[in-house]
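Enquirer: Structure file work.cif (mmCIF, N, CA, C and O atoms and all ligand atoms) is given on the next line.
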```cif
data_final
loop_
_atom_site.label_atom_id
_atom_site.label_comp_id
_atom_site.auth_asym_id
_atom_site.auth_seq_id
_atom_site.Cartn_x
_atom_site.Cartn_y
_atom_site.Cartn_z
N MET I 1 68.89 146.98 -179.03
CA MET I 1 68.02 148.15 -179.21
C MET I 1 66.56 147.72 -179.24
O MET I 1 66.21 146.74 -179.89
N LYS I 2 65.75 148.47 -178.49
CA LYS I 2 64.32 148.15 -178.46
C LYS I 2 63.66 148.57 -179.77
O LYS I 2 63.91 149.68 -180.24
N PRO I 3 62.82 147.69 -180.33
CA PRO I 3 62.13 148.12 -181.55
C PRO I 3 61.14 149.24 -181.23
O PRO I 3 60.50 149.22 -180.19
N LYS I 4 61.06 150.20 -182.11
CA LYS I 4 60.18 151.34 -181.88
C LYS I 4 58.73 150.90 -182.13
O LYS I 4 58.42 150.35 -183.18
N ARG I 5 57.91 151.15 -181.14
CA ARG I 5 56.50 150.77 -181.28
C ARG I 5 55.78 151.75 -182.19
O ARG I 5 56.01 152.95 -182.12
N LYS I 6 54.89 151.22 -183.00
CA LYS I 6 54.15 152.08 -183.91
C LYS I 6 53.07 152.84 -183.14
O LYS I 6 52.36 152.26 -182.33
N VAL I 7 52.97 154.12 -183.38
CA VAL I 7 51.98 154.96 -182.70
C VAL I 7 50.61 154.72 -183.34
O VAL I 7 50.45 154.89 -184.54
N PRO I 8 49.62 154.31 -182.52
CA PRO I 8 48.27 154.16 -183.07
C PRO I 8 47.78 155.50 -183.61
O PRO I 8 47.81 156.50 -182.90
N THR I 9 47.37 155.51 -184.85
CA THR I 9 46.99 156.76 -185.52
C THR I 9 45.70 156.57 -186.29
O THR I 9 45.53 155.55 -186.97
N LYS I 10 44.80 157.53 -186.14
CA LYS I 10 43.56 157.50 -186.91
C LYS I 10 43.49 158.76 -187.77
O LYS I 10 43.79 159.84 -187.30
N ARG I 11 43.08 158.56 -189.01
CA ARG I 11 42.90 159.71 -189.89
C ARG I 11 41.45 160.15 -189.85
O ARG I 11 40.54 159.33 -189.92
N ILE I 12 41.23 161.46 -189.70
CA ILE I 12 39.86 162.00 -189.69
C ILE I 12 39.83 163.20 -190.62
O ILE I 12 40.86 163.80 -190.90
N ARG I 13 38.62 163.52 -191.08
CA ARG I 13 38.48 164.69 -191.94
C ARG I 13 37.78 165.80 -191.20
O ARG I 13 36.69 165.62 -190.67
N ILE I 14 38.39 166.97 -191.16
CA ILE I 14 37.78 168.15 -190.55
C ILE I 14 37.72 169.22 -191.62
O ILE I 14 38.76 169.64 -192.15
N GLN I 15 36.51 169.63 -191.95
CA GLN I 15 36.30 170.64 -193.00
C GLN I 15 37.11 170.33 -194.26
O GLN I 15 37.85 171.16 -194.77
N ASN I 16 36.98 169.11 -194.70
CA ASN I 16 37.61 168.69 -195.96
C ASN I 16 39.14 168.58 -195.91
O ASN I 16 39.77 168.44 -196.94
N ASN I 17 39.70 168.65 -194.72
CA ASN I 17 41.15 168.44 -194.58
C ASN I 17 41.40 167.19 -193.75
O ASN I 17 40.69 166.95 -192.77
N TRP I 18 42.40 166.44 -194.14
CA TRP I 18 42.75 165.25 -193.37
C TRP I 18 43.61 165.63 -192.18
O TRP I 18 44.55 166.41 -192.31
N TRP I 19 43.25 165.08 -191.04
CA TRP I 19 43.99 165.26 -189.79
C TRP I 19 44.40 163.90 -189.28
O TRP I 19 43.82 162.88 -189.67
N LYS I 20 45.37 163.90 -188.38
CA LYS I 20 45.76 162.66 -187.71
C LYS I 20 45.44 162.79 -186.22
O LYS I 20 45.67 163.84 -185.62
N VAL I 21 44.94 161.72 -185.65
CA VAL I 21 44.79 161.63 -184.20
C VAL I 21 45.76 160.56 -183.73
O VAL I 21 45.66 159.40 -184.15
N LYS I 22 46.74 160.96 -182.93
CA LYS I 22 47.77 160.02 -182.49
C LYS I 22 47.67 159.75 -181.00
O LYS I 22 47.57 160.69 -180.20
N LEU I 23 47.70 158.49 -180.63
CA LEU I 23 47.73 158.12 -179.21
C LEU I 23 49.19 158.12 -178.77
O LEU I 23 49.87 157.10 -178.76
N GLU I 24 49.64 159.32 -178.45
CA GLU I 24 51.05 159.52 -178.14
C GLU I 24 51.18 160.79 -177.31
O GLU I 24 50.43 161.73 -177.50
N ARG I 25 52.14 160.81 -176.40
CA ARG I 25 52.38 162.05 -175.66
C ARG I 25 52.76 163.14 -176.65
O ARG I 25 53.59 162.90 -177.54
N PRO I 26 52.19 164.34 -176.50
CA PRO I 26 52.54 165.41 -177.43
C PRO I 26 54.06 165.63 -177.40
O PRO I 26 54.61 165.96 -176.35
N PRO I 27 54.75 165.45 -178.52
CA PRO I 27 56.21 165.54 -178.53
C PRO I 27 56.75 166.88 -178.04
O PRO I 27 57.79 166.92 -177.39
N THR I 28 56.02 167.97 -178.32
CA THR I 28 56.53 169.28 -177.90
C THR I 28 56.07 169.67 -176.50
O THR I 28 56.58 170.62 -175.92
N LYS I 29 55.08 168.96 -175.98
CA LYS I 29 54.54 169.26 -174.64
C LYS I 29 54.28 167.93 -173.93
O LYS I 29 53.12 167.52 -173.78
N GLU I 30 55.34 167.29 -173.52
CA GLU I 30 55.22 165.91 -173.02
C GLU I 30 54.38 165.77 -171.76
O GLU I 30 53.90 164.69 -171.45
N THR I 31 54.19 166.88 -171.03
CA THR I 31 53.39 166.78 -169.81
C THR I 31 51.90 167.00 -170.07
O THR I 31 51.08 166.78 -169.20
N TYR I 32 51.55 167.42 -171.27
CA TYR I 32 50.14 167.67 -171.59
C TYR I 32 49.39 166.36 -171.81
O TYR I 32 49.94 165.40 -172.31
N ASP I 33 48.12 166.36 -171.45
CA ASP I 33 47.29 165.18 -171.69
C ASP I 33 46.77 165.13 -173.12
O ASP I 33 46.41 164.08 -173.62
N GLY I 34 46.71 166.28 -173.75
CA GLY I 34 46.26 166.34 -175.13
C GLY I 34 46.80 167.60 -175.76
O GLY I 34 47.16 168.55 -175.07
N LEU I 35 46.89 167.59 -177.08
CA LEU I 35 47.36 168.79 -177.77
C LEU I 35 46.86 168.77 -179.20
O LEU I 35 46.84 167.73 -179.86
N CYS I 36 46.43 169.96 -179.66
CA CYS I 36 46.00 170.12 -181.04
C CYS I 36 47.04 171.00 -181.74
O CYS I 36 47.33 172.09 -181.27
N VAL I 37 47.60 170.48 -182.82
CA VAL I 37 48.62 171.23 -183.57
C VAL I 37 48.08 171.49 -184.97
O VAL I 37 48.24 170.66 -185.87
N PRO I 38 47.41 172.64 -185.15
CA PRO I 38 46.75 172.91 -186.43
C PRO I 38 47.73 172.92 -187.61
O PRO I 38 47.39 172.47 -188.70
N GLY I 39 48.93 173.43 -187.40
CA GLY I 39 49.92 173.50 -188.47
C GLY I 39 50.25 172.13 -189.05
O GLY I 39 50.54 172.00 -190.24
N ASP I 40 50.22 171.12 -188.21
CA ASP I 40 50.50 169.75 -188.66
C ASP I 40 49.21 168.94 -188.84
O ASP I 40 49.27 167.76 -189.16
N ARG I 41 48.08 169.60 -188.58
CA ARG I 41 46.78 168.91 -188.59
C ARG I 41 46.87 167.59 -187.80
O ARG I 41 46.51 166.52 -188.29
N THR I 42 47.34 167.74 -186.58
CA THR I 42 47.51 166.56 -185.73
C THR I 42 46.99 166.83 -184.33
O THR I 42 47.22 167.90 -183.78
N ILE I 43 46.26 165.84 -183.82
CA ILE I 43 45.80 165.86 -182.43
C ILE I 43 46.53 164.76 -181.70
O ILE I 43 46.58 163.62 -182.18
N TYR I 44 47.11 165.11 -180.57
CA TYR I 44 47.79 164.11 -179.73
C TYR I 44 46.95 163.84 -178.50
O TYR I 44 46.44 164.77 -177.87
N LEU I 45 46.81 162.59 -178.17
CA LEU I 45 46.10 162.19 -176.95
C LEU I 45 47.05 161.31 -176.14
O LEU I 45 47.54 160.29 -176.65
N HIS I 46 47.29 161.72 -174.90
CA HIS I 46 48.21 160.97 -174.04
C HIS I 46 47.64 159.58 -173.76
O HIS I 46 46.51 159.46 -173.27
N PRO I 47 48.40 158.52 -174.05
CA PRO I 47 47.87 157.16 -173.92
C PRO I 47 47.48 156.77 -172.49
O PRO I 47 46.66 155.88 -172.30
N ILE I 48 48.06 157.43 -171.50
CA ILE I 48 47.67 157.14 -170.10
C ILE I 48 46.44 157.97 -169.74
O ILE I 48 45.49 157.48 -169.13
N ALA I 49 46.44 159.23 -170.12
CA ALA I 49 45.34 160.14 -169.76
C ALA I 49 44.00 159.66 -170.34
O ALA I 49 42.95 159.85 -169.71
N ILE I 50 44.03 159.03 -171.50
CA ILE I 50 42.75 158.59 -172.10
C ILE I 50 42.08 157.50 -171.27
O ILE I 50 40.89 157.27 -171.41
N LYS I 51 42.84 156.87 -170.40
CA LYS I 51 42.24 155.80 -169.57
C LYS I 51 41.27 156.37 -168.55
O LYS I 51 40.36 155.68 -168.11
N THR I 52 41.48 157.61 -168.13
CA THR I 52 40.61 158.19 -167.10
C THR I 52 39.72 159.31 -167.61
O THR I 52 38.71 159.63 -166.99
N ARG I 53 40.10 159.97 -168.70
CA ARG I 53 39.26 161.06 -169.20
C ARG I 53 39.36 161.20 -170.72
O ARG I 53 39.55 162.30 -171.25
N GLY I 54 39.19 160.07 -171.37
CA GLY I 54 39.33 160.04 -172.83
C GLY I 54 38.31 160.87 -173.55
O GLY I 54 38.65 161.62 -174.48
N ILE I 55 37.05 160.77 -173.15
CA ILE I 55 36.00 161.50 -173.87
C ILE I 55 36.22 163.01 -173.72
O ILE I 55 36.10 163.76 -174.68
N GLU I 56 36.54 163.41 -172.50
CA GLU I 56 36.82 164.83 -172.25
C GLU I 56 37.95 165.33 -173.16
O GLU I 56 37.84 166.38 -173.80
N LEU I 57 39.02 164.56 -173.23
CA LEU I 57 40.17 164.97 -174.04
C LEU I 57 39.85 164.97 -175.53
O LEU I 57 40.24 165.88 -176.26
N VAL I 58 39.13 163.95 -175.97
CA VAL I 58 38.75 163.88 -177.39
C VAL I 58 37.92 165.10 -177.77
O VAL I 58 38.21 165.78 -178.76
N CYS I 59 36.91 165.39 -176.96
CA CYS I 59 36.06 166.56 -177.25
C CYS I 59 36.88 167.84 -177.25
O CYS I 59 36.78 168.66 -178.16
N HIS I 60 37.69 168.00 -176.23
CA HIS I 60 38.50 169.20 -176.07
C HIS I 60 39.36 169.45 -177.32
O HIS I 60 39.33 170.54 -177.90
N GLU I 61 40.10 168.45 -177.71
CA GLU I 61 41.03 168.65 -178.83
C GLU I 61 40.30 168.78 -180.17
O GLU I 61 40.74 169.51 -181.05
N LEU I 62 39.17 168.09 -180.31
CA LEU I 62 38.39 168.24 -181.55
C LEU I 62 37.82 169.65 -181.67
O LEU I 62 37.76 170.21 -182.77
N ILE I 63 37.39 170.21 -180.55
CA ILE I 63 36.87 171.58 -180.58
C ILE I 63 37.99 172.54 -181.02
O ILE I 63 37.79 173.40 -181.87
N HIS I 64 39.18 172.35 -180.45
CA HIS I 64 40.32 173.18 -180.89
C HIS I 64 40.55 173.04 -182.39
O HIS I 64 40.78 174.02 -183.09
N ALA I 65 40.50 171.81 -182.87
CA ALA I 65 40.81 171.57 -184.28
C ALA I 65 39.79 172.21 -185.21
O ALA I 65 40.13 172.82 -186.21
N ARG I 66 38.53 172.10 -184.83
CA ARG I 66 37.45 172.57 -185.72
C ARG I 66 37.16 174.06 -185.55
O ARG I 66 36.79 174.75 -186.49
N LEU I 67 37.31 174.55 -184.31
CA LEU I 67 36.96 175.94 -183.98
C LEU I 67 38.13 176.59 -183.25
O LEU I 67 38.05 176.89 -182.07
N PHE I 68 39.20 176.79 -183.96
CA PHE I 68 40.45 177.14 -183.28
C PHE I 68 40.41 178.46 -182.52
O PHE I 68 41.16 178.66 -181.57
N ASP I 69 39.49 179.35 -182.90
CA ASP I 69 39.44 180.66 -182.24
C ASP I 69 38.74 180.68 -180.89
O ASP I 69 38.80 181.67 -180.18
N ILE I 70 38.06 179.60 -180.57
CA ILE I 70 37.34 179.57 -179.28
C ILE I 70 38.33 179.66 -178.12
O ILE I 70 39.40 179.05 -178.16
N ASP I 71 37.94 180.45 -177.10
CA ASP I 71 38.87 180.61 -175.99
C ASP I 71 38.97 179.35 -175.15
O ASP I 71 38.04 178.54 -175.08
N GLU I 72 40.13 179.19 -174.53
CA GLU I 72 40.46 177.97 -173.79
C GLU I 72 39.43 177.65 -172.71
O GLU I 72 39.10 176.49 -172.48
N GLU I 73 38.91 178.68 -172.07
CA GLU I 73 37.94 178.47 -170.99
C GLU I 73 36.68 177.77 -171.51
O GLU I 73 36.17 176.85 -170.87
N ALA I 74 36.19 178.19 -172.66
CA ALA I 74 35.00 177.58 -173.24
C ALA I 74 35.28 176.14 -173.68
O ALA I 74 34.47 175.23 -173.46
N VAL I 75 36.44 175.94 -174.26
CA VAL I 75 36.82 174.59 -174.70
C VAL I 75 36.90 173.65 -173.49
O VAL I 75 36.39 172.53 -173.51
N GLU I 76 37.53 174.16 -172.44
CA GLU I 76 37.67 173.39 -171.20
C GLU I 76 36.29 173.02 -170.64
O GLU I 76 36.05 171.89 -170.23
N GLU I 77 35.40 173.99 -170.64
CA GLU I 77 34.05 173.78 -170.09
C GLU I 77 33.31 172.71 -170.89
O GLU I 77 32.71 171.79 -170.31
N ILE I 78 33.33 172.81 -172.20
CA ILE I 78 32.60 171.84 -173.04
C ILE I 78 33.21 170.45 -172.89
O ILE I 78 32.50 169.45 -172.78
N GLY I 79 34.54 170.39 -172.87
CA GLY I 79 35.21 169.09 -172.70
C GLY I 79 34.83 168.42 -171.40
O GLY I 79 34.52 167.22 -171.35
N THR I 80 34.84 169.21 -170.32
CA THR I 80 34.48 168.66 -169.00
C THR I 80 33.04 168.19 -168.99
O THR I 80 32.73 167.10 -168.49
N LEU I 81 32.15 169.00 -169.55
CA LEU I 81 30.73 168.61 -169.61
C LEU I 81 30.54 167.33 -170.43
O LEU I 81 29.77 166.44 -170.03
N ALA I 82 31.24 167.23 -171.54
CA ALA I 82 31.13 166.04 -172.38
C ALA I 82 31.54 164.80 -171.58
O ALA I 82 30.88 163.76 -171.65
N GLY I 83 32.61 164.92 -170.81
CA GLY I 83 33.07 163.80 -169.98
C GLY I 83 32.05 163.42 -168.94
O GLY I 83 31.76 162.23 -168.73
N GLU I 84 31.47 164.43 -168.29
CA GLU I 84 30.46 164.18 -167.25
C GLU I 84 29.22 163.50 -167.83
O GLU I 84 28.72 162.51 -167.27
N VAL I 85 28.72 164.03 -168.91
CA VAL I 85 27.49 163.49 -169.49
C VAL I 85 27.74 162.11 -170.08
O VAL I 85 26.91 161.20 -169.95
N ALA I 86 28.91 161.92 -170.68
CA ALA I 86 29.25 160.60 -171.23
C ALA I 86 29.30 159.55 -170.12
O ALA I 86 28.83 158.42 -170.29
N ALA I 87 29.86 159.92 -168.96
CA ALA I 87 29.92 158.99 -167.83
C ALA I 87 28.51 158.63 -167.35
O ALA I 87 28.22 157.47 -167.04
N PHE I 88 27.63 159.62 -167.34
CA PHE I 88 26.24 159.40 -166.95
C PHE I 88 25.55 158.45 -167.94
O PHE I 88 24.87 157.51 -167.54
N VAL I 89 25.76 158.70 -169.22
CA VAL I 89 25.15 157.85 -170.26
C VAL I 89 25.67 156.42 -170.13
O VAL I 89 24.91 155.46 -170.16
N ALA I 90 26.98 156.29 -169.94
CA ALA I 90 27.59 154.96 -169.83
C ALA I 90 27.03 154.20 -168.62
O ALA I 90 26.75 153.00 -168.70
N LYS I 91 26.84 154.94 -167.51
CA LYS I 91 26.33 154.33 -166.28
C LYS I 91 24.97 153.69 -166.52
O LYS I 91 24.62 152.66 -165.94
N HIS I 92 24.19 154.29 -167.40
CA HIS I 92 22.85 153.78 -167.66
C HIS I 92 22.80 152.96 -168.94
O HIS I 92 21.73 152.71 -169.49
N ASN I 93 23.96 152.56 -169.41
CA ASN I 93 24.02 151.73 -170.61
C ASN I 93 25.07 150.62 -170.45
O ASN I 93 25.90 150.40 -171.33
N ASP I 94 25.02 149.98 -169.29
CA ASP I 94 25.94 148.87 -168.99
C ASP I 94 27.42 149.27 -169.14
O ASP I 94 28.25 148.44 -169.55
N GLY I 95 27.75 150.52 -168.81
CA GLY I 95 29.13 150.97 -168.86
C GLY I 95 29.64 151.24 -170.26
O GLY I 95 30.82 151.53 -170.45
N VAL I 96 28.74 151.18 -171.21
CA VAL I 96 29.17 151.35 -172.61
C VAL I 96 28.73 152.71 -173.13
O VAL I 96 27.62 153.16 -172.87
N ILE I 97 29.61 153.34 -173.85
CA ILE I 97 29.25 154.54 -174.59
C ILE I 97 29.95 154.49 -175.94
O ILE I 97 31.13 154.15 -176.01
N ILE I 98 29.20 154.78 -176.96
CA ILE I 98 29.81 154.78 -178.31
C ILE I 98 29.51 156.09 -179.00
O ILE I 98 28.68 156.85 -178.56
ZN ZN C 101 42.90 173.40 -174.79
#
```
Let me see whether you can do it: turn the structure in this file into structure tokens.

Expert:
Amino acid sequence: MKPKRKVPTKRIRIQNNWWKVKLERPPTKETYDGLCVPGDRTIYLHPIAIKTRGIELVCHELIHARLFDIDEEAVEEIGTLAGEVAAFVAKHNDGVII
């Protein structure tokens, strides 16, 4: 039997509540690149998807977590913009963005 790998998990605080960010395919939506589950206070980020659009996904799911009522179109737009601008910043900072 293969040993089960531990899921990389980070704890963050959103409005005084602890949330988990897991680098794992969303268990209930395995084809999604990211998912915010407010009931469990958990954000899932697909470990493969973060290689090509991590900043976009991080922004997208954080917006859902913090401002859950925002419509999907606005969340999508901000996430995409964050990815674009982050790539621009990285390009002019030796490929690094923090
Ligand atoms: Zn979304």

Enquirer: Could you give me the residues within region 4-92 of chain I that DSSP places in helix (DSSP H, G or I), as a PyMOL selection string?

Expert: chain I and resi 38-40+50-66+72-91

Enquirer: Excluding Lys6 (chain I) and any residue of its chain fewer than 5 positions from it, enumerate the residues within 12 Å of it, using only C-alpha atoms, and give them as a list in words.

Expert: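 Using only C-alpha atoms, the neighbours found are Lys22, Leu23 and Glu24 of chain I.
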
Enquirer: Taking a cut-off of 12 Å and counting only C-alpha atoms and all ligand atoms, can you build a table that, for each residue of chain I near ligand ZN 101 (chain C), reports the nearest atom pair and how far apart they are in Å (one decimal), sorted by chain then residue number, as JSON lines?

Expert:
```
{"residue": "I:Tyr32", "atom": "CA", "partner": "C:ZN101", "partner_atom": "ZN", "distance": 9.8}
{"residue": "I:Asp33", "atom": "CA", "partner": "C:ZN101", "partner_atom": "ZN", "distance": 9.8}
{"residue": "I:Gly34", "atom": "CA", "partner": "C:ZN101", "partner_atom": "ZN", "distance": 7.8}
{"residue": "I:Leu35", "atom": "CA", "partner": "C:ZN101", "partner_atom": "ZN", "distance": 7.1}
{"residue": "I:Cys36", "atom": "CA", "partner": "C:ZN101", "partner_atom": "ZN", "distance": 7.7}
{"residue": "I:Val37", "atom": "CA", "partner": "C:ZN101", "partner_atom": "ZN", "distance": 10.7}
{"residue": "I:Ile43", "atom": "CA", "partner": "C:ZN101", "partner_atom": "ZN", "distance": 11.1}
{"residue": "I:Tyr44", "atom": "CA", "partner": "C:ZN101", "partner_atom": "ZN", "distance": 11.6}
{"residue": "I:Leu45", "atom": "CA", "partner": "C:ZN101", "partner_atom": "ZN", "distance": 11.9}
{"residue": "I:Glu56", "atom": "CA", "partner": "C:ZN101", "partner_atom": "ZN", "distance": 10.8}
{"residue": "I:Leu57", "atom": "CA", "partner": "C:ZN101", "partner_atom": "ZN", "distance": 8.9}
{"residue": "I:Val58", "atom": "CA", "partner": "C:ZN101", "partner_atom": "ZN", "distance": 10.7}
{"residue": "I:Cys59", "atom": "CA", "partner": "C:ZN101", "partner_atom": "ZN", "distance": 10.0}
{"residue": "I:His60", "atom": "CA", "partner": "C:ZN101", "partner_atom": "ZN", "distance": 6.2}
{"residue": "I:Glu61", "atom": "CA", "partner": "C:ZN101", "partner_atom": "ZN", "distance": 6.5}
{"residue": "I:Leu62", "atom": "CA", "partner": "C:ZN101", "partner_atom": "ZN", "distance": 9.6}
{"residue": "I:Ile63", "atom": "CA", "partner": "C:ZN101", "partner_atom": "ZN", "distance": 8.6}
{"residue": "I:His64", "atom": "CA", "partner": "C:ZN101", "partner_atom": "ZN", "distance": 6.6}
{"residue": "I:Ala65", "atom": "CA", "partner": "C:ZN101", "partner_atom": "ZN", "distance": 9.9}
{"residue": "I:Leu67", "atom": "CA", "partner": "C:ZN101", "partner_atom": "ZN", "distance": 11.2}
{"residue": "I:Phe68", "atom": "CA", "partner": "C:ZN101", "partner_atom": "ZN", "distance": 9.6}
{"residue": "I:Asp69", "atom": "CA", "partner": "C:ZN101", "partner_atom": "ZN", "distance": 11.0}
{"residue": "I:Ile70", "atom": "CA", "partner": "C:ZN101", "partner_atom": "ZN", "distance": 9.4}
{"residue": "I:Asp71", "atom": "CA", "partner": "C:ZN101", "partner_atom": "ZN", "distance": 8.3}
{"residue": "I:Glu72", "atom": "CA", "partner": "C:ZN101", "partner_atom": "ZN", "distance": 5.3}
{"residue": "I:Glu73", "atom": "CA", "partner": "C:ZN101", "partner_atom": "ZN", "distance": 8.0}
{"residue": "I:Ala74", "atom": "CA", "partner": "C:ZN101", "partner_atom": "ZN", "distance": 9.1}
{"residue": "I:Val75", "atom": "CA", "partner": "C:ZN101", "partner_atom": "ZN", "distance": 6.2}
{"residue": "I:Glu76", "atom": "CA", "partner": "C:ZN101", "partner_atom": "ZN", "distance": 6.3}
{"residue": "I:Glu77", "atom": "CA", "partner": "C:ZN101", "partner_atom": "ZN", "distance": 10.0}
{"residue": "I:Ile78", "atom": "CA", "partner": "C:ZN101", "partner_atom": "ZN", "distance": 10.6}
{"residue": "I:Gly79", "atom": "CA", "partner": "C:ZN101", "partner_atom": "ZN", "distance": 9.1}
{"residue": "I:Thr80", "atom": "CA", "partner": "C:ZN101", "partner_atom": "ZN", "distance": 11.3}
```

Enquirer: Within 8 Å of Ile12 (chain I), counting all atoms listed in the file, which residues qualify if same-chain residues fewer than 6 places away don't, as a list in words?

Expert: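 The residues that qualify are Trp18, Trp19, Lys20, Val21 and Arg41 of chain I.
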
Enquirer: Would you list, as a list of chain:residue names, the residues of chain I that end up in strand (DSSP E or B) under DSSP run on this structure's backbone?

Expert: I:Thr9, I:Lys10, I:Arg11, I:Ile12, I:Arg13, I:Ile14, I:Asn17, I:Trp18, I:Trp19, I:Lys20, I:Val21, I:Lys22, I:Leu23, I:Gly34, I:Leu35, I:Cys36, I:Val37, I:Thr42, I:Ile43, I:Tyr44, I:Leu45

Enquirer: Take atom C of Phe88 (chain I) and atom N of Arg66 (chain I) and report the distance between them in Å, one decimal.

Expert: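 Those two atoms sit 25.3 Å apart.
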
Enquirer: In Å, with one decimal, what is the gap from atom O of Glu84 (chain I) to CA of Ile50 (chain I)?

Expert: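 Straight-line distance from atom O of Glu84 (chain I) to CA of Ile50 (chain I) works out to 15.3 Å.
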
Enquirer: Just the number, please: distance in Å from atom O of Ile97 (chain I) to CA of Pro47 (chain I), one decimal.

Expert: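 Between these atoms lies a distance of 17.1 Å.
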
Enquirer: Name the residues within 5 Å of (34.0, 162.2, -173.9), counting only N, CA, C and O atoms in the file's coordinates, and put them as a PDB file with N, CA, C and O atoms, in the frame of the given file.

Expert:
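Output below, filename part.pdb:
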```pdb
ATOM      1  N   GLY I  54      39.190 160.070-171.370  1.00  0.00           N
ATOM      2  CA  GLY I  54      39.330 160.040-172.830  1.00  0.00           C
ATOM      3  C   GLY I  54      38.310 160.870-173.550  1.00  0.00           C
ATOM      4  O   GLY I  54      38.650 161.620-174.480  1.00  0.00           O
ATOM      5  N   ILE I  55      37.050 160.770-173.150  1.00  0.00           N
ATOM      6  CA  ILE I  55      36.000 161.500-173.870  1.00  0.00           C
ATOM      7  C   ILE I  55      36.220 163.010-173.720  1.00  0.00           C
ATOM      8  O   ILE I  55      36.100 163.760-174.680  1.00  0.00           O
ATOM      9  N   GLU I  56      36.540 163.410-172.500  1.00  0.00           N
ATOM     10  CA  GLU I  56      36.820 164.830-172.250  1.00  0.00           C
ATOM     11  C   GLU I  56      37.950 165.330-173.160  1.00  0.00           C
ATOM     12  O   GLU I  56      37.840 166.380-173.800  1.00  0.00           O
ATOM     13  N   ALA I  82      31.240 167.230-171.540  1.00  0.00           N
ATOM     14  CA  ALA I  82      31.130 166.040-172.380  1.00  0.00           C
ATOM     15  C   ALA I  82      31.540 164.800-171.580  1.00  0.00           C
ATOM     16  O   ALA I  82      30.880 163.760-171.650  1.00  0.00           O
ATOM     17  N   GLY I  83      32.610 164.920-170.810  1.00  0.00           N
ATOM     18  CA  GLY I  83      33.070 163.800-169.980  1.00  0.00           C
ATOM     19  C   GLY I  83      32.050 163.420-168.940  1.00  0.00           C
ATOM     20  O   GLY I  83      31.760 162.230-168.730  1.00  0.00           O
TER      21      GLY I  83
END
```

Enquirer: When you count only N, CA, C and O atoms, which of these residues is closest to Thr42 (chain I): I:Lys10, I:Lys91, I:Gln15, I:Pro3?

Expert: I:Lys10

Enquirer: Rebuild region 77-81 of chain I to all heavy atoms - output it as a JSON list (two decimals), in the coordinates of the input, please.

Expert:
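Saved as part-v7.json:
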```json
[["chain", "number", "residue", "atom", "x", "y", "z"],
["I", 77, "GLU", "N", 35.40, 173.99, -170.64],
["I", 77, "GLU", "CA", 34.05, 173.78, -170.09],
["I", 77, "GLU", "C", 33.31, 172.71, -170.89],
["I", 77, "GLU", "O", 32.71, 171.79, -170.31],
["I", 77, "GLU", "CB", 33.27, 175.10, -170.10],
["I", 77, "GLU", "CG", 31.89, 174.97, -169.50],
["I", 77, "GLU", "CD", 31.12, 176.29, -169.54],
["I", 77, "GLU", "OE1", 31.70, 177.33, -169.92],
["I", 77, "GLU", "OE2", 29.93, 176.28, -169.19],
["I", 78, "ILE", "N", 33.33, 172.81, -172.20],
["I", 78, "ILE", "CA", 32.60, 171.84, -173.04],
["I", 78, "ILE", "C", 33.21, 170.45, -172.89],
["I", 78, "ILE", "O", 32.50, 169.45, -172.78],
["I", 78, "ILE", "CB", 32.58, 172.29, -174.52],
["I", 78, "ILE", "CG1", 31.87, 173.64, -174.66],
["I", 78, "ILE", "CG2", 31.88, 171.23, -175.38],
["I", 78, "ILE", "CD1", 32.07, 174.30, -176.02],
["I", 79, "GLY", "N", 34.54, 170.39, -172.87],
["I", 79, "GLY", "CA", 35.21, 169.09, -172.70],
["I", 79, "GLY", "C", 34.83, 168.42, -171.40],
["I", 79, "GLY", "O", 34.52, 167.22, -171.35],
["I", 80, "THR", "N", 34.84, 169.21, -170.32],
["I", 80, "THR", "CA", 34.48, 168.66, -169.00],
["I", 80, "THR", "C", 33.04, 168.19, -168.99],
["I", 80, "THR", "O", 32.73, 167.10, -168.49],
["I", 80, "THR", "CB", 34.70, 169.74, -167.91],
["I", 80, "THR", "OG1", 36.07, 170.14, -167.95],
["I", 80, "THR", "CG2", 34.36, 169.20, -166.53],
["I", 81, "LEU", "N", 32.15, 169.00, -169.55],
["I", 81, "LEU", "CA", 30.73, 168.61, -169.61],
["I", 81, "LEU", "C", 30.54, 167.33, -170.43],
["I", 81, "LEU", "O", 29.77, 166.44, -170.03],
["I", 81, "LEU", "CB", 29.90, 169.74, -170.22],
["I", 81, "LEU", "CG", 29.67, 170.95, -169.31],
["I", 81, "LEU", "CD1", 29.08, 172.10, -170.11],
["I", 81, "LEU", "CD2", 28.76, 170.56, -168.14]]
```
